[in-house]
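Okay, structure first, notes after.
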Amino acid sequence: MKLHEYQSKILFTMYGIPIPNGRIANSAKEVRQISDELGGKVVIKAQVLVGGRGKVGGVRIAKSSDEAEEFANQILSMEIKGLPVRKVLVDEAVSISQEFYLSIANDRNTQKPVLMASSSGGVEVEDVALKTPERIIKRTIDPLLGLRDYQLRDVAINIDLDRMYWQEFGEIINGVWKVYVECDATLVEINPLVITADKRLLALDAKIILDDNALFRHPSLAELRDKDAESGPEIKGRAFGVTFIKMEGNIGCLVNGAGLAMATMDIIKTLGGDAANFLDIGGGATAEKVAASLRLILEDQNVKAILINVFGGITRCDEVAKGLMTAYNEVKPEIPIIVRLVGTNDEEGLRLLRGSSLIPAETLVEAATIAVQKAYGG
Ligand code: GDP
Ligand code: MN
């Protein structure tokens, strides 16, 4: 679960990480008020759960309260990467003399937390990683030992941080580490962490991702979930109990089981196609769940073909077929739907599909091959 910048900054304050003065607002009028209180020189920041807001005009620096109100009006009517802006953070503007990147994240390769820092802050870290990977310092943290003092010094030296900031920098990294551990985060990121013209270290931006599997231990954090700020289909999917993740391709996928869903996407990729989504309907899915899933896939205008891959065990193929027919009869989709059904009650399932325009396939490779062809107009 991603937290908004303003929510992340509240946690930062609780853990002693310094942030600029600021407040959240829902309207341009409120922004003017806050701007007046903060002295007129403020940064207006769109609160949406995607990165790179700066580049698309979602972060603006105002020189007066008039300008703050004007920028707030503009930003509050924006959509950033498909997400409408409903709130803006109004922060006191600071003069920056240096920008750094700092984060602690789960590293799947080492299966340990990794501390990353860079003197190339402010820009997207993915760009730095691609163009100048040597500018990113990475240090693995032993989860049992925690952060060690020598690691802090090592990082400070490698990002060329002036010695006068080491103490403060150490406290900030320790704060980040505490947030990461105590909130069960998978990412705590400050980009940029700045040295201001008046020689203070400040976290100008904040990004926290919490581990969904640990949220039950943090009821107060779970409440921070902003239901209408996450992207639509993921929430809809969660509401009827399936895991849906939108992707960029044009082949919709409906699969039972997360592993099989990933294998299905891999095969599509191998055959030259691209999946439009990940969708795991889970074990023992009912006809209703299948129908709701199919409707969800069909909402994506990019989808040019749908691949249904069900390996029936607990899941019964006839139930799946019933759900498909329900949604099919209701939506009457014009795009090709390729179905591979094997396992429990598969014959009954395939019989139910007869007479429709759904295309049955015997194997996954055959199904994926047809799906890729159809998606590209073959
Ligand atoms: P992001 O683009 O979504 O990552 O949003 P950020 O909060 O990181 O803001 C983007 C950039 O705006 C930062 O890297 C800074 O360079 C700049 N910025 C943000 N706040 C201030 C500020 O108070 N003063 C100045 N001068 N620049 C700022
Ligand atoms: Mn940023």
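Following the order of the structure tokens, first chain is A, next is B, and so on, with residues numbered from 1 inside each chain and ligands from 1 in the order they appear.
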
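Residues of stretch 87-175 of chain A assigned to strand (DSSP E or B) by DSSP on this structure's backbone: Val88, Leu89, Val90, Asp91, Glu92, Ile96, Ser97, Gln98, Glu99, Phe100, Tyr101, Leu102, Ser103, Ile104, Ala105, Asn106, Asp107, Lys112, Pro113, Val114, Leu115, Met116, Ala117, Ser118, Ile136, Ile137, Lys138, Arg139 and Thr140 of chain A.
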
Query - Who sits within 12 Å of A:Asp36, only C-alpha atoms, same chain under 5 positions skipped, as a list in words - result: Gly22, Arg23, Lys29, Glu30, Val31, Lys41, Val42, Ala62, Lys63, Ser64, Ser65, Asp66, Glu67, Ala68, Glu69, Val90, Asp91 and Glu92 of chain A

Emit the selected residues as an mmCIF file, in the first residue's frame, including C-alpha atoms.
data_model
loop_
_atom_site.group_PDB
_atom_site.id
_atom_site.type_symbol
_atom_site.label_atom_id
_atom_site.label_comp_id
_atom_site.auth_asym_id
_atom_site.auth_seq_id
_atom_site.Cartn_x
_atom_site.Cartn_y
_atom_site.Cartn_z
ATOM 1 C CA GLY A 22 3.477 22.639 5.440
ATOM 2 C CA ARG A 23 -0.132 21.560 5.395
ATOM 3 C CA LYS A 29 -8.947 28.936 -1.062
ATOM 4 C CA GLU A 30 -7.370 26.807 1.645
ATOM 5 C CA VAL A 31 -4.085 26.944 -0.217
ATOM 6 C CA LYS A 41 6.724 31.588 -0.830
ATOM 7 C CA VAL A 42 5.394 28.059 -1.041
ATOM 8 C CA ALA A 62 4.771 30.124 -5.963
ATOM 9 C CA LYS A 63 6.249 33.504 -5.109
ATOM 10 C CA SER A 64 3.082 34.927 -3.554
ATOM 11 C CA SER A 65 -0.255 33.807 -2.163
ATOM 12 C CA ASP A 66 -1.957 34.997 -5.368
ATOM 13 C CA GLU A 67 0.287 32.747 -7.389
ATOM 14 C CA ALA A 68 -0.202 29.925 -4.869
ATOM 15 C CA GLU A 69 -3.962 30.113 -5.336
ATOM 16 C CA VAL A 90 1.471 23.299 0.574
ATOM 17 C CA ASP A 91 5.049 23.396 1.831
ATOM 18 C CA GLU A 92 7.176 26.371 2.710
#

Quick one: contact table of chain A to ligand 2, 8 Å max, nearest atom pair and distance in Å to one decimal per residue, counting only C-alpha atoms and all ligand atoms, chain and number order, as CSV?
residue,atom,partner,partner_atom_place_in_ligand_line,distance
A:Gly51,CA,ligand 2,1 (Mn),6.9
A:Gly52,CA,ligand 2,1 (Mn),6.8
A:Arg53,CA,ligand 2,1 (Mn),7.8
A:Gly54,CA,ligand 2,1 (Mn),7.5
A:Gly122,CA,ligand 2,1 (Mn),5.8
A:Val123,CA,ligand 2,1 (Mn),7.1
A:Glu124,CA,ligand 2,1 (Mn),7.3
A:Ile190,CA,ligand 2,1 (Mn),7.2
A:Asn191,CA,ligand 2,1 (Mn),4.4
A:Pro192,CA,ligand 2,1 (Mn),5.7
A:Leu204,CA,ligand 2,1 (Mn),7.6
A:Asp205,CA,ligand 2,1 (Mn),5.1
A:Ala206,CA,ligand 2,1 (Mn),7.1

Restricting it to N, CA and C atoms, dump the selection as a short mmCIF file (atom, residue, chain, number, x, y, z; two decimals), in the first residue's frame.
data_model
loop_
_atom_site.label_atom_id
_atom_site.label_comp_id
_atom_site.auth_asym_id
_atom_site.auth_seq_id
_atom_site.Cartn_x
_atom_site.Cartn_y
_atom_site.Cartn_z
N GLY A 51 4.92 8.72 -9.18
CA GLY A 51 6.12 9.55 -9.11
C GLY A 51 6.22 10.49 -10.31
N GLY A 52 7.25 11.31 -10.32
CA GLY A 52 7.50 12.18 -11.46
C GLY A 52 6.49 13.30 -11.62
N ARG A 53 5.93 13.77 -10.51
CA ARG A 53 4.94 14.84 -10.59
C ARG A 53 5.57 16.13 -11.06
N GLY A 54 6.82 16.35 -10.61
CA GLY A 54 7.54 17.58 -10.94
C GLY A 54 7.56 17.82 -12.44
N GLY A 122 16.89 14.23 -6.60
CA GLY A 122 15.91 15.10 -7.24
C GLY A 122 15.38 14.54 -8.54
N VAL A 123 16.24 13.90 -9.32
CA VAL A 123 15.76 13.29 -10.56
C VAL A 123 15.29 11.87 -10.27
N GLU A 124 14.64 11.26 -11.26
CA GLU A 124 14.16 9.91 -11.01
C GLU A 124 15.33 8.95 -10.89
N ILE A 190 13.50 9.10 0.32
CA ILE A 190 13.54 10.58 0.35
C ILE A 190 14.23 11.03 -0.92
N ASN A 191 13.50 11.69 -1.79
CA ASN A 191 14.10 12.15 -3.05
C ASN A 191 13.43 13.44 -3.52
N PRO A 192 14.01 14.57 -3.27
CA PRO A 192 15.35 14.78 -2.74
C PRO A 192 15.40 15.00 -1.23
N LEU A 204 12.58 16.87 1.37
CA LEU A 204 11.60 17.65 0.60
C LEU A 204 10.50 16.78 0.04
N ASP A 205 10.81 15.54 -0.22
CA ASP A 205 9.80 14.62 -0.74
C ASP A 205 9.83 13.37 0.13
N ALA A 206 8.75 12.61 0.14
CA ALA A 206 8.68 11.42 0.97
C ALA A 206 7.82 10.38 0.29
#

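Once A:Met164 and its same-chain neighbours fewer than 3 positions away are set aside, Ala156, Ile157, Asp160, Leu161, Gln167, Glu168, Phe169, Gly170, Ile195, Lys199, Arg200 and Leu201 of chain A remain within 12 Å of it when counting only C-alpha atoms.
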
Could you take the residues named above and write them with N, CA, C and O atoms, as a PDB file, in the first residue's frame?
ATOM      1  N   ALA A 156      28.083   8.347   3.782  1.00  0.00           N
ATOM      2  CA  ALA A 156      28.322   9.795   3.792  1.00  0.00           C
ATOM      3  C   ALA A 156      29.565  10.147   2.969  1.00  0.00           C
ATOM      4  O   ALA A 156      29.568  11.086   2.181  1.00  0.00           O
ATOM      5  N   ILE A 157      30.629   9.343   3.143  1.00  0.00           N
ATOM      6  CA  ILE A 157      31.868   9.588   2.391  1.00  0.00           C
ATOM      7  C   ILE A 157      31.604   9.426   0.893  1.00  0.00           C
ATOM      8  O   ILE A 157      31.996  10.257   0.078  1.00  0.00           O
ATOM      9  N   ASP A 160      29.956  12.128  -0.931  1.00  0.00           N
ATOM     10  CA  ASP A 160      30.662  13.405  -0.779  1.00  0.00           C
ATOM     11  C   ASP A 160      29.926  14.394   0.101  1.00  0.00           C
ATOM     12  O   ASP A 160      29.891  15.597  -0.202  1.00  0.00           O
ATOM     13  N   LEU A 161      29.357  13.892   1.163  1.00  0.00           N
ATOM     14  CA  LEU A 161      28.623  14.783   2.063  1.00  0.00           C
ATOM     15  C   LEU A 161      29.610  15.506   2.977  1.00  0.00           C
ATOM     16  O   LEU A 161      30.465  14.878   3.596  1.00  0.00           O
ATOM     17  N   GLN A 167      26.444  14.069  11.339  1.00  0.00           N
ATOM     18  CA  GLN A 167      25.642  13.761  12.523  1.00  0.00           C
ATOM     19  C   GLN A 167      24.155  13.741  12.172  1.00  0.00           C
ATOM     20  O   GLN A 167      23.445  12.761  12.400  1.00  0.00           O
ATOM     21  N   GLU A 168      23.716  14.833  11.562  1.00  0.00           N
ATOM     22  CA  GLU A 168      22.311  14.983  11.175  1.00  0.00           C
ATOM     23  C   GLU A 168      21.896  13.904  10.171  1.00  0.00           C
ATOM     24  O   GLU A 168      20.815  13.333  10.252  1.00  0.00           O
ATOM     25  N   PHE A 169      22.787  13.657   9.201  1.00  0.00           N
ATOM     26  CA  PHE A 169      22.538  12.663   8.165  1.00  0.00           C
ATOM     27  C   PHE A 169      22.344  11.289   8.811  1.00  0.00           C
ATOM     28  O   PHE A 169      21.414  10.539   8.469  1.00  0.00           O
ATOM     29  N   GLY A 170      23.195  10.977   9.784  1.00  0.00           N
ATOM     30  CA  GLY A 170      23.093   9.705  10.503  1.00  0.00           C
ATOM     31  C   GLY A 170      21.743   9.583  11.189  1.00  0.00           C
ATOM     32  O   GLY A 170      21.098   8.528  11.143  1.00  0.00           O
ATOM     33  N   ILE A 195      20.239  19.838   1.142  1.00  0.00           N
ATOM     34  CA  ILE A 195      20.913  20.796   2.011  1.00  0.00           C
ATOM     35  C   ILE A 195      20.389  22.148   1.559  1.00  0.00           C
ATOM     36  O   ILE A 195      20.434  22.476   0.378  1.00  0.00           O
ATOM     37  N   LYS A 199      21.844  25.930   5.259  1.00  0.00           N
ATOM     38  CA  LYS A 199      22.605  24.814   5.844  1.00  0.00           C
ATOM     39  C   LYS A 199      21.811  23.889   6.775  1.00  0.00           C
ATOM     40  O   LYS A 199      22.274  23.522   7.853  1.00  0.00           O
ATOM     41  N   ARG A 200      20.600  23.529   6.319  1.00  0.00           N
ATOM     42  CA  ARG A 200      19.835  22.507   7.048  1.00  0.00           C
ATOM     43  C   ARG A 200      19.635  21.311   6.131  1.00  0.00           C
ATOM     44  O   ARG A 200      19.569  21.474   4.914  1.00  0.00           O
ATOM     45  N   LEU A 201      19.518  20.116   6.721  1.00  0.00           N
ATOM     46  CA  LEU A 201      19.137  18.945   5.940  1.00  0.00           C
ATOM     47  C   LEU A 201      17.622  18.791   6.067  1.00  0.00           C
ATOM     48  O   LEU A 201      17.081  18.817   7.165  1.00  0.00           O
TER      49      LEU A 201
END

Report task. Write out as a ChimeraX atom specification which residues come within 9 Å of stretch 17-21 of chain A when counting only C-alpha atoms, dropping same-chain ones fewer than 4 positions away. Result -> /A:9,11-13,38,90-94,171-176,201-205

Report task. For A:Gly323, list every protein, DNA or RNA residue within 6 Å, evaluated using only C-alpha atoms, and leave out those in the same chain fewer than 4 positions away; present the list as a list of chain:residue names. Result -> A:Ala287, A:Glu288, A:Val290, A:Ala291

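Of the listed residues (A:Ala72, A:Val155, A:Ala368, A:Ile24), A:Val155 comes nearest to A:Leu102; the distances count only C-alpha atoms.
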
Query raised in the report: Tell me, which residues of stretch 5-95 of chain A carry DSSP helix (DSSP H, G or I), written as a PyMOL selection string?
Result: chain A and resi 5-14+28-38+54-56+65-76

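Between atom CA of A:Thr315 and atom CA of A:Gly257 lies a distance of 9.8 Å.
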
**Report entry** Interatomic distance, atom 10 (C, counted along the ligand's line) of ligand 1 to atom CA of A:Pro133 (Å, one decimal)
**Finding:** 20.9 Å

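Taking atom CA of A:Ser35 and atom 22 (C, counted along the ligand's line) of ligand 1 as the two end points, the separation is 13.6 Å.
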
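Excluding stretch 241-256 of chain A itself and same-chain residues fewer than 6 positions from it, the residues having an atom within 6 Å of it are Glu234, Asp274, Ala275, Ala276, Asn277, Phe278, Leu279, Asp280, Ile281, Gly282, Asn302, Val303, Lys304, Ala305, Ile306, Leu307, Ile308, Asn309 and Val310 of chain A, counting only C-alpha atoms.
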
Report task. Write out as an MDAnalysis selection string which residues come within 12 Å of A:Lys332 when counting only C-alpha atoms, dropping same-chain ones fewer than 2 positions away. Result -> chainID A and resid 294:295 298 324:330 334:337 356:358
